[in-house]
>>> print(open('structure13.cif').read())   # mmCIF, C-alpha atoms
data_target
loop_
_atom_site.label_atom_id
_atom_site.label_comp_id
_atom_site.auth_asym_id
_atom_site.auth_seq_id
_atom_site.Cartn_x
_atom_site.Cartn_y
_atom_site.Cartn_z
CA MET A 286 -11.84 -8.35 -30.32
CA ASP A 287 -10.47 -4.80 -30.48
CA GLU A 288 -6.75 -4.33 -30.01
CA ARG A 289 -6.11 -2.84 -26.59
CA THR A 290 -3.48 -0.67 -24.95
CA ARG A 291 -2.37 -1.27 -21.38
CA LEU A 292 -1.97 1.85 -19.25
CA ARG A 293 -0.09 2.35 -16.01
CA LEU A 294 -1.69 4.84 -13.62
CA ASP A 295 0.15 6.38 -10.67
CA VAL A 296 -2.43 7.29 -8.05
CA ALA A 297 -2.51 9.24 -4.79
CA TYR A 298 -5.37 9.48 -2.32
CA ASP A 299 -6.38 10.54 1.15
CA GLY A 300 -7.94 7.36 2.50
CA THR A 301 -9.94 9.05 5.26
CA ALA A 302 -13.32 8.93 3.51
CA PHE A 303 -12.72 5.70 1.54
CA SER A 304 -13.63 2.15 2.55
CA GLY A 305 -10.32 0.98 1.13
CA TRP A 306 -9.26 0.37 -2.46
CA ALA A 307 -11.41 -2.53 -3.61
CA ALA A 308 -14.87 -1.88 -5.03
CA GLN A 309 -17.65 -2.79 -2.59
CA PRO A 310 -21.42 -2.48 -2.98
CA GLN A 311 -22.86 0.63 -1.33
CA ARG A 312 -19.43 1.78 -0.16
CA ARG A 313 -17.18 4.57 -1.38
CA THR A 314 -13.87 3.06 -2.49
CA VAL A 315 -10.92 4.30 -4.52
CA ALA A 316 -11.42 1.72 -7.27
CA GLY A 317 -15.13 2.48 -7.37
CA VAL A 318 -14.54 6.21 -7.78
CA LEU A 319 -11.89 5.67 -10.48
CA VAL A 320 -14.12 3.35 -12.50
CA GLU A 321 -17.11 5.67 -12.21
CA THR A 322 -15.04 8.60 -13.44
CA LEU A 323 -13.45 6.64 -16.29
CA ASP A 324 -16.91 5.47 -17.35
CA LEU A 325 -18.10 9.08 -17.35
CA VAL A 326 -15.21 10.24 -19.53
CA LEU A 327 -14.84 7.29 -21.88
CA GLY A 328 -18.17 5.47 -21.77
CA THR A 329 -19.38 2.69 -19.52
CA GLY A 330 -17.16 -0.37 -19.62
CA VAL A 331 -14.63 1.02 -22.10
CA ALA A 332 -11.80 0.86 -19.54
CA THR A 333 -11.38 -2.72 -18.36
CA GLY A 334 -9.20 -4.84 -16.11
CA LEU A 335 -8.40 -2.32 -13.37
CA THR A 336 -5.70 -4.02 -11.28
CA VAL A 337 -3.87 -2.48 -8.33
CA ALA A 338 -0.43 -3.08 -6.85
CA GLY A 339 -1.64 -3.14 -3.25
CA ARG A 340 -5.21 -3.23 -1.98
CA THR A 341 -5.11 -0.72 0.86
CA ASP A 342 -7.55 -0.99 3.76
CA ALA A 343 -10.14 1.56 4.81
CA GLY A 344 -8.49 4.76 6.01
CA VAL A 345 -5.03 4.00 4.58
CA HIS A 346 -3.52 6.67 2.33
CA ALA A 347 -1.34 6.47 -0.78
CA SER A 348 1.11 8.82 -2.45
CA GLY A 349 2.64 6.14 -4.70
CA GLN A 350 -0.08 3.64 -5.57
CA VAL A 351 0.10 1.97 -8.99
CA CYS A 352 -2.62 0.30 -11.04
CA HIS A 353 -3.17 -0.76 -14.63
CA LEU A 354 -6.12 -0.94 -16.99
CA ASP A 355 -6.76 -1.61 -20.66
CA LEU A 356 -8.32 0.66 -23.29
CA PRO A 357 -9.08 0.08 -26.98
CA VAL A 358 -6.17 1.43 -29.00
CA ASP A 359 -8.33 3.93 -30.86
CA VAL A 360 -9.78 5.28 -27.60
CA TRP A 361 -6.33 5.80 -26.13
CA ARG A 362 -5.15 7.56 -29.27
CA ALA A 363 -8.16 9.87 -29.13
CA HIS A 364 -7.77 10.73 -25.45
CA GLU A 365 -4.04 10.41 -24.79
CA GLY A 366 -3.28 14.11 -24.72
CA ARG A 367 -6.19 15.14 -22.52
CA LEU A 368 -7.32 12.22 -20.37
CA LEU A 369 -5.18 13.14 -17.37
CA ARG A 370 -6.58 16.68 -17.22
CA ARG A 371 -10.15 15.47 -17.73
CA LEU A 372 -9.76 13.08 -14.82
CA ALA A 373 -8.33 15.92 -12.71
CA ARG A 374 -11.45 17.97 -13.36
CA LEU A 375 -13.90 15.20 -12.58
CA LEU A 376 -12.31 13.16 -9.79
CA PRO A 377 -13.05 14.19 -6.19
CA THR A 378 -10.27 16.13 -4.52
CA ASP A 379 -9.23 13.25 -2.24
CA VAL A 380 -7.97 11.10 -5.15
CA ARG A 381 -5.62 12.08 -8.00
CA VAL A 382 -4.22 10.23 -10.99
CA ARG A 383 -0.75 11.76 -11.00
CA ALA A 384 0.57 10.10 -14.15
CA MET A 385 -0.64 7.83 -16.94
CA ARG A 386 1.31 6.11 -19.69
CA ALA A 387 1.17 3.18 -22.06
CA VAL A 388 3.14 0.11 -20.97
CA PRO A 389 3.74 -3.35 -22.45
CA ALA A 390 0.81 -5.75 -22.19
CA THR A 391 3.01 -7.91 -19.96
CA PHE A 392 3.00 -5.24 -17.23
CA ASP A 393 0.94 -6.36 -14.24
CA ALA A 394 0.61 -3.75 -11.50
CA ARG A 395 0.16 -6.47 -8.90
CA PHE A 396 2.29 -9.42 -9.92
CA SER A 397 5.11 -7.59 -11.72
CA ALA A 398 5.89 -5.55 -8.61
CA THR A 399 9.21 -6.20 -6.89
CA PHE A 400 8.41 -4.31 -3.68
CA ARG A 401 5.87 -2.18 -1.86
CA ARG A 402 7.03 0.55 0.51
CA TYR A 403 4.92 2.06 3.27
CA GLU A 404 5.49 4.79 5.83
CA TYR A 405 3.76 5.05 9.18
CA ARG A 406 3.77 8.35 11.08
CA VAL A 407 3.47 8.74 14.85
CA THR A 408 3.77 11.65 17.24
CA ASP A 409 4.54 11.25 20.93
CA ALA A 410 4.25 14.97 21.63
CA PRO A 411 2.55 15.45 25.02
CA TRP A 412 0.03 17.83 23.47
CA GLY A 413 -0.94 15.39 20.72
CA CYS A 414 -1.11 15.79 16.95
CA ASP A 415 -1.11 18.95 14.86
CA PRO A 416 -4.80 19.39 13.94
CA LEU A 417 -3.89 19.98 10.28
CA ARG A 418 -2.15 16.59 10.12
CA ARG A 419 -4.52 14.55 12.28
CA HIS A 420 -5.63 12.40 9.32
CA GLU A 421 -2.08 11.15 8.58
CA ILE A 422 -0.37 10.93 11.98
CA LEU A 423 -1.14 8.72 14.98
CA ALA A 424 -0.98 10.47 18.35
CA TRP A 425 0.72 8.06 20.79
CA PRO A 426 -0.02 8.72 24.50
CA ARG A 427 3.42 7.66 25.79
CA ALA A 428 6.99 8.79 25.10
CA LEU A 429 8.73 6.68 22.44
CA ASP A 430 12.43 5.88 22.40
CA LEU A 431 13.95 5.90 18.90
CA ASP A 432 16.75 3.51 19.87
CA ARG A 433 14.27 0.95 21.19
CA LEU A 434 12.14 1.26 18.05
CA THR A 435 15.19 0.84 15.84
CA ALA A 436 16.36 -2.25 17.72
CA ALA A 437 12.88 -3.81 17.63
CA ALA A 438 12.66 -3.19 13.89
CA ALA A 439 16.02 -4.82 13.18
CA GLY A 440 14.77 -8.19 14.39
CA LEU A 441 11.95 -8.21 11.85
CA VAL A 442 14.02 -7.67 8.70
CA GLY A 443 14.52 -10.63 6.38
CA GLU A 444 12.44 -13.53 5.10
CA HIS A 445 10.13 -14.91 7.78
CA ASP A 446 6.74 -16.47 8.27
CA PHE A 447 4.74 -13.46 9.49
CA ALA A 448 1.72 -15.51 10.56
CA ALA A 449 1.73 -13.75 13.95
CA TYR A 450 1.18 -10.44 12.15
CA CYS A 451 -1.28 -11.44 9.44
CA ARG A 452 -4.98 -12.05 9.08
CA ARG A 453 -4.72 -15.43 7.47
CA LYS A 454 -6.61 -16.18 4.26
CA GLU A 455 -7.35 -19.67 3.04
CA ASN A 456 -4.66 -21.02 0.68
CA ALA A 457 -2.53 -17.87 1.16
CA THR A 458 1.04 -18.02 2.43
CA THR A 459 2.23 -15.72 5.22
CA LEU A 460 5.87 -16.02 4.15
CA ARG A 461 7.23 -12.57 3.29
CA GLU A 462 10.64 -10.94 2.83
CA VAL A 463 10.96 -7.59 4.59
CA THR A 464 13.87 -5.83 2.90
CA ARG A 465 13.69 -2.61 4.88
CA LEU A 466 12.26 -1.71 8.28
CA ASP A 467 13.60 1.33 10.10
CA TRP A 468 12.54 4.36 12.12
CA ARG A 469 13.58 8.00 12.03
CA ARG A 470 12.53 11.10 13.93
CA ASP A 471 12.08 14.07 11.61
CA ALA A 472 12.97 17.66 12.48
CA ASP A 473 9.35 18.32 13.49
CA GLY A 474 9.50 15.49 16.03
CA ILE A 475 7.35 13.08 14.02
CA LEU A 476 8.50 9.46 14.12
CA VAL A 477 8.34 7.68 10.76
CA ALA A 478 8.58 3.94 10.23
CA THR A 479 9.55 2.85 6.71
CA VAL A 480 8.55 -0.71 5.83
CA GLN A 481 9.40 -2.37 2.52
CA ALA A 482 8.76 -5.94 1.40
CA ASP A 483 8.09 -8.00 -1.69
CA ALA A 484 4.44 -8.06 -0.60
CA PHE A 485 2.32 -7.77 2.54
CA CYS A 486 -0.53 -9.84 3.85
CA GLN A 487 -3.62 -8.20 5.29
CA ALA A 488 -2.99 -5.97 8.34
CA MET A 489 0.71 -6.92 8.40
CA VAL A 490 2.24 -3.44 8.34
CA ARG A 491 -0.08 -2.02 10.98
CA SER A 492 0.42 -5.10 13.16
CA LEU A 493 4.20 -4.73 12.93
CA VAL A 494 3.90 -1.06 13.88
CA GLY A 495 1.59 -1.91 16.77
CA ALA A 496 4.11 -4.41 18.16
CA MET A 497 7.07 -2.05 17.76
CA LEU A 498 5.28 0.85 19.46
CA VAL A 499 4.74 -1.04 22.72
CA ALA A 500 8.42 -2.03 22.61
CA GLY A 501 9.33 1.59 21.88
CA ASP A 502 7.45 2.95 24.89
CA GLY A 503 8.90 0.30 27.20
CA ARG A 504 5.81 -1.78 27.91
CA ARG A 505 7.30 -4.78 26.08
CA PRO A 506 10.93 -5.92 25.79
CA VAL A 507 12.78 -4.86 22.65
CA PRO A 508 13.08 -8.46 21.33
CA TRP A 509 9.36 -9.15 21.74
CA PRO A 510 8.23 -8.24 18.19
CA ALA A 511 10.86 -10.56 16.68
CA ASP A 512 10.11 -13.32 19.18
CA LEU A 513 6.54 -13.44 17.87
CA LEU A 514 7.84 -14.72 14.52
CA ALA A 515 8.03 -18.17 16.09
CA ARG A 516 4.22 -18.26 16.17
CA ARG A 517 2.31 -20.02 13.41
CA GLU A 518 -0.95 -18.20 14.01
CA ARG A 519 -1.96 -14.62 14.63
CA ALA A 520 -0.74 -13.23 17.96
CA SER A 521 -3.77 -11.88 19.81
CA GLU A 522 -1.51 -9.71 22.00
CA VAL A 523 -0.62 -7.52 19.03
CA THR A 524 -2.81 -4.47 18.60
CA VAL A 525 -3.20 -3.36 14.98
CA ALA A 526 -2.14 0.29 14.70
CA PRO A 527 -4.87 2.62 13.37
CA ALA A 528 -5.15 2.93 9.60
CA HIS A 529 -4.81 6.70 9.32
CA GLY A 530 -1.08 6.75 10.14
CA LEU A 531 -0.21 4.53 7.17
CA THR A 532 0.67 5.63 3.63
CA LEU A 533 1.71 3.55 0.62
CA VAL A 534 4.58 5.62 -0.77
CA ALA A 535 6.15 3.52 -3.55
CA VAL A 536 5.82 0.37 -5.64
CA GLY A 537 8.86 -0.99 -7.47
CA TYR A 538 9.08 -2.79 -10.81
CA PRO A 539 11.91 -4.30 -12.89
CA ASP A 540 14.00 -1.68 -14.68
CA ASP A 541 13.83 -3.73 -17.88
CA PRO A 542 10.27 -3.98 -19.27
CA ALA A 543 11.24 -7.34 -20.73
CA GLU A 544 11.25 -8.64 -17.15
CA TYR A 545 7.61 -7.76 -16.40
CA ALA A 546 6.21 -11.12 -17.51
CA ARG A 547 8.98 -13.13 -15.85
CA ARG A 548 8.47 -11.34 -12.55
CA ALA A 549 4.69 -11.80 -12.72
CA GLU A 550 5.01 -15.52 -13.40
CA ALA A 551 7.49 -15.97 -10.56
CA THR A 552 5.18 -14.16 -8.15
CA ARG A 553 2.18 -16.26 -9.16
CA ARG A 554 4.18 -19.44 -8.60
CA LEU A 555 5.27 -18.24 -5.17
CA ARG A 556 1.79 -17.43 -3.93
CA VAL A 557 -1.61 -18.87 -4.57
CA SER A 558 -2.94 -15.55 -3.31
CA ALA A 559 -0.85 -12.47 -2.52
CA ASP A 560 -2.42 -9.64 -0.57
CA GLY A 561 -0.11 -6.85 -1.77
#
>>> encode(input="structure13.cif", output="C-alpha cells")
Amino acid sequence: MDERTRLRLDVAYDGTAFSGWAAQPQRRTVAGVLVETLDLVLGTGVATGLTVAGRTDAGVHASGQVCHLDLPVDVWRAHEGRLLRRLARLLPTDVRVRAMRAVPATFDARFSATFRRYEYRVTDAPWGCDPLRRHEILAWPRALDLDRLTAAAAGLVGEHDFAAYCRRKENATTLREVTRLDWRRDADGILVATVQADAFCQAMVRSLVGAMLVAGDGRRPVPWPADLLARRERASEVTVAPAHGLTLVAVGYPDDPAEYARRAEATRRLRVSADG
C-alpha cells in the first residue's frame, strides 16, 4: 500500500443551498462537492478518508469547519504548492477551502477535537432582517431582553445530560459539557449567542437557542431552559431554531500534536457515537 500523507483542511461555506455536510444520494452536500472537486483535480478516489469535525445540518453555515483526508505522499508532493488555488478555481463560490496542511497521521478531525464553537445570530428589529444578511440572521418577531437571555444561558453551562435538547440516536449518549454559553448585542443591534462544548448531539445548539429565545422574550420564565435538563427524553415544548442563523466558527485541538492520538482515544471511549 502506498505511503500516505494526512492533510488538515480548514473549510468555510454558506449552508443555504446545501443539504448539510454529509454526502447523500441525489442531494447537494458540502462533503459531496469537496469530493467531486478533489476527484476532478487529483483523479477519482485518490483522496480518501474525508472526515469532518462536526456534521452540520442542512442550512447551517461554517466559517471554521475542519476536516481531514489522506493522499499518497507522491501526489501531495506534486500538488502541495498549487492544490489550494486549484480548488479555489473549481469549487463553487459557496464553499472555500481556506487552508490546507500536512498533519501527523494521528490527527483525527472528529475525535481529536477538544471543542466546537458555534454562533447563532438573531435580530429583534421591528422591521426585520437586513435583506443582505437574511441567510445568516434569524428575524425574531418579539423584543428580546439581553439580561433575560444571559440569565437563561447561565443555567445551561456545565456538564449535563442534554436529552431534552437532542434528537436521540441509538447507543449514543446525550451527556455533554457546555464550556461557554453567552449572549451579546453587537453595535448593529444583532444578538449573538456563542455556544461551545466538547461535542454536540443532533439539533442541540438550535434547540438550546429556541428555548432561550422564548425566555428572552418573556413567554417562558428565565429558569425554564435549565429546568428542562431534568428530562430524560426530548422536550416537545422546545422549538428548534431555524438552521440559517447558525454558524460553526471554530474547532479546537490539543496544542501539542503528540496529544492527538490520546485525545481521539479518550473521545472514542467516552462515546459510542458522537454527533459533533
>>> atom_distance(input="structure13.cif", atom1="atom CA of A:Val360", atom2="atom CA of A:Ala384")
17.6 Å
>>> resolve_selection(input="structure13.cif", expression="the PyMOL selection byres ((chain A and resi 332-336) around 6)", output="ChimeraX atom specification")
/A:330-331,337,352-356
>>> closest_atom_pairs(input="structure13.cif", of="stretch 417-486 of chain A", to="stretch 493-515 of chain A", cutoff="8 Å", atoms="all atoms listed in the file", output="CSV")
residue,atom,partner,partner_atom,distance
A:Arg427,CA,A:Asp502,CA,6.3
A:Ala428,CA,A:Asp502,CA,5.9
A:Leu429,CA,A:Asp502,CA,4.6
A:Asp430,CA,A:Gly501,CA,5.3
A:Leu431,CA,A:Gly501,CA,7.0
A:Asp432,CA,A:Gly501,CA,7.9
A:Arg433,CA,A:Gly501,CA,5.0
A:Leu434,CA,A:Gly501,CA,4.8
A:Ala436,CA,A:Val507,CA,6.6
A:Ala437,CA,A:Val507,CA,5.1
A:Ala438,CA,A:Met497,CA,6.9
A:Gly440,CA,A:Ala511,CA,5.1
A:Leu441,CA,A:Ala511,CA,5.5
A:His445,CA,A:Leu514,CA,7.1
A:Asp446,CA,A:Leu514,CA,6.6
A:Phe447,CA,A:Leu514,CA,6.0
A:Ala448,CA,A:Leu514,CA,7.3
A:Ala449,CA,A:Leu514,CA,6.2
A:Tyr450,CA,A:Leu493,CA,6.5
A:Ala478,CA,A:Val494,CA,7.8
>>> residues_around(input="structure13.cif", residues="A:Val477", least_positions_apart="5", cutoff="12 Å", atoms="only C-alpha atoms", output="PDB file with C-alpha atoms, keeping the file's coordinate frame")
ATOM      1  CA  TYR A 403       4.920   2.060   3.270  1.00  0.00           C
ATOM      2  CA  GLU A 404       5.490   4.790   5.830  1.00  0.00           C
ATOM      3  CA  TYR A 405       3.760   5.050   9.180  1.00  0.00           C
ATOM      4  CA  ARG A 406       3.770   8.350  11.080  1.00  0.00           C
ATOM      5  CA  VAL A 407       3.470   8.740  14.850  1.00  0.00           C
ATOM      6  CA  THR A 408       3.770  11.650  17.240  1.00  0.00           C
ATOM      7  CA  ASP A 409       4.540  11.250  20.930  1.00  0.00           C
ATOM      8  CA  GLU A 421      -2.080  11.150   8.580  1.00  0.00           C
ATOM      9  CA  ILE A 422      -0.370  10.930  11.980  1.00  0.00           C
ATOM     10  CA  LEU A 423      -1.140   8.720  14.980  1.00  0.00           C
ATOM     11  CA  LEU A 429       8.730   6.680  22.440  1.00  0.00           C
ATOM     12  CA  LEU A 431      13.950   5.900  18.900  1.00  0.00           C
ATOM     13  CA  LEU A 434      12.140   1.260  18.050  1.00  0.00           C
ATOM     14  CA  THR A 435      15.190   0.840  15.840  1.00  0.00           C
ATOM     15  CA  LEU A 466      12.260  -1.710   8.280  1.00  0.00           C
ATOM     16  CA  ASP A 467      13.600   1.330  10.100  1.00  0.00           C
ATOM     17  CA  TRP A 468      12.540   4.360  12.120  1.00  0.00           C
ATOM     18  CA  ARG A 469      13.580   8.000  12.030  1.00  0.00           C
ATOM     19  CA  ARG A 470      12.530  11.100  13.930  1.00  0.00           C
ATOM     20  CA  ASP A 471      12.080  14.070  11.610  1.00  0.00           C
ATOM     21  CA  ALA A 472      12.970  17.660  12.480  1.00  0.00           C
ATOM     22  CA  VAL A 494       3.900  -1.060  13.880  1.00  0.00           C
ATOM     23  CA  LEU A 498       5.280   0.850  19.460  1.00  0.00           C
ATOM     24  CA  GLY A 530      -1.080   6.750  10.140  1.00  0.00           C
ATOM     25  CA  LEU A 531      -0.210   4.530   7.170  1.00  0.00           C
ATOM     26  CA  THR A 532       0.670   5.630   3.630  1.00  0.00           C
TER      27      THR A 532
END
>>> resolve_selection(input="structure13.cif", expression="the PyMOL selection byres ((chain A and resi 394-399) around 7)", output="list in words")
Thr336, Val337, Ala338, Gly339, Val351, Cys352, His353, Phe392, Asp393, Phe400, Asp483, Val536, Gly537, Tyr538, Pro539, Tyr545, Ala546, Arg548, Ala549, Thr552 and Arg553 of chain A
>>> write_last_selection(input="structure13.cif", atoms="C-alpha atoms", output="compact mmCIF listing (two decimals), in the frame of the given file")
# COMPACT_ATOMS: atom_id res chain seq x y z
CA THR A 336 -5.70 -4.02 -11.28
CA VAL A 337 -3.87 -2.48 -8.33
CA ALA A 338 -0.43 -3.08 -6.85
CA GLY A 339 -1.64 -3.14 -3.25
CA VAL A 351 0.10 1.97 -8.99
CA CYS A 352 -2.62 0.30 -11.04
CA HIS A 353 -3.17 -0.76 -14.63
CA PHE A 392 3.00 -5.24 -17.23
CA ASP A 393 0.94 -6.36 -14.24
CA PHE A 400 8.41 -4.31 -3.68
CA ASP A 483 8.09 -8.00 -1.69
CA VAL A 536 5.82 0.37 -5.64
CA GLY A 537 8.86 -0.99 -7.47
CA TYR A 538 9.08 -2.79 -10.81
CA PRO A 539 11.91 -4.30 -12.89
CA TYR A 545 7.61 -7.76 -16.40
CA ALA A 546 6.21 -11.12 -17.51
CA ARG A 548 8.47 -11.34 -12.55
CA ALA A 549 4.69 -11.80 -12.72
CA THR A 552 5.18 -14.16 -8.15
CA ARG A 553 2.18 -16.26 -9.16
>>> resolve_selection(input="structure13.cif", expression="the PyMOL selection byres ((chain A and resi 295) around 8)", output="number ranges by chain")
A: 293-294, 296-297, 349-352, 382-385
>>> atom_distance(input="structure13.cif", atom1="atom CA of A:Trp306", atom2="atom CA of A:Leu476")
25.9 Å
>>> atom_distance(input="structure13.cif", atom1="atom CA of A:Gly305", atom2="atom CA of A:Thr341")
5.5 Å
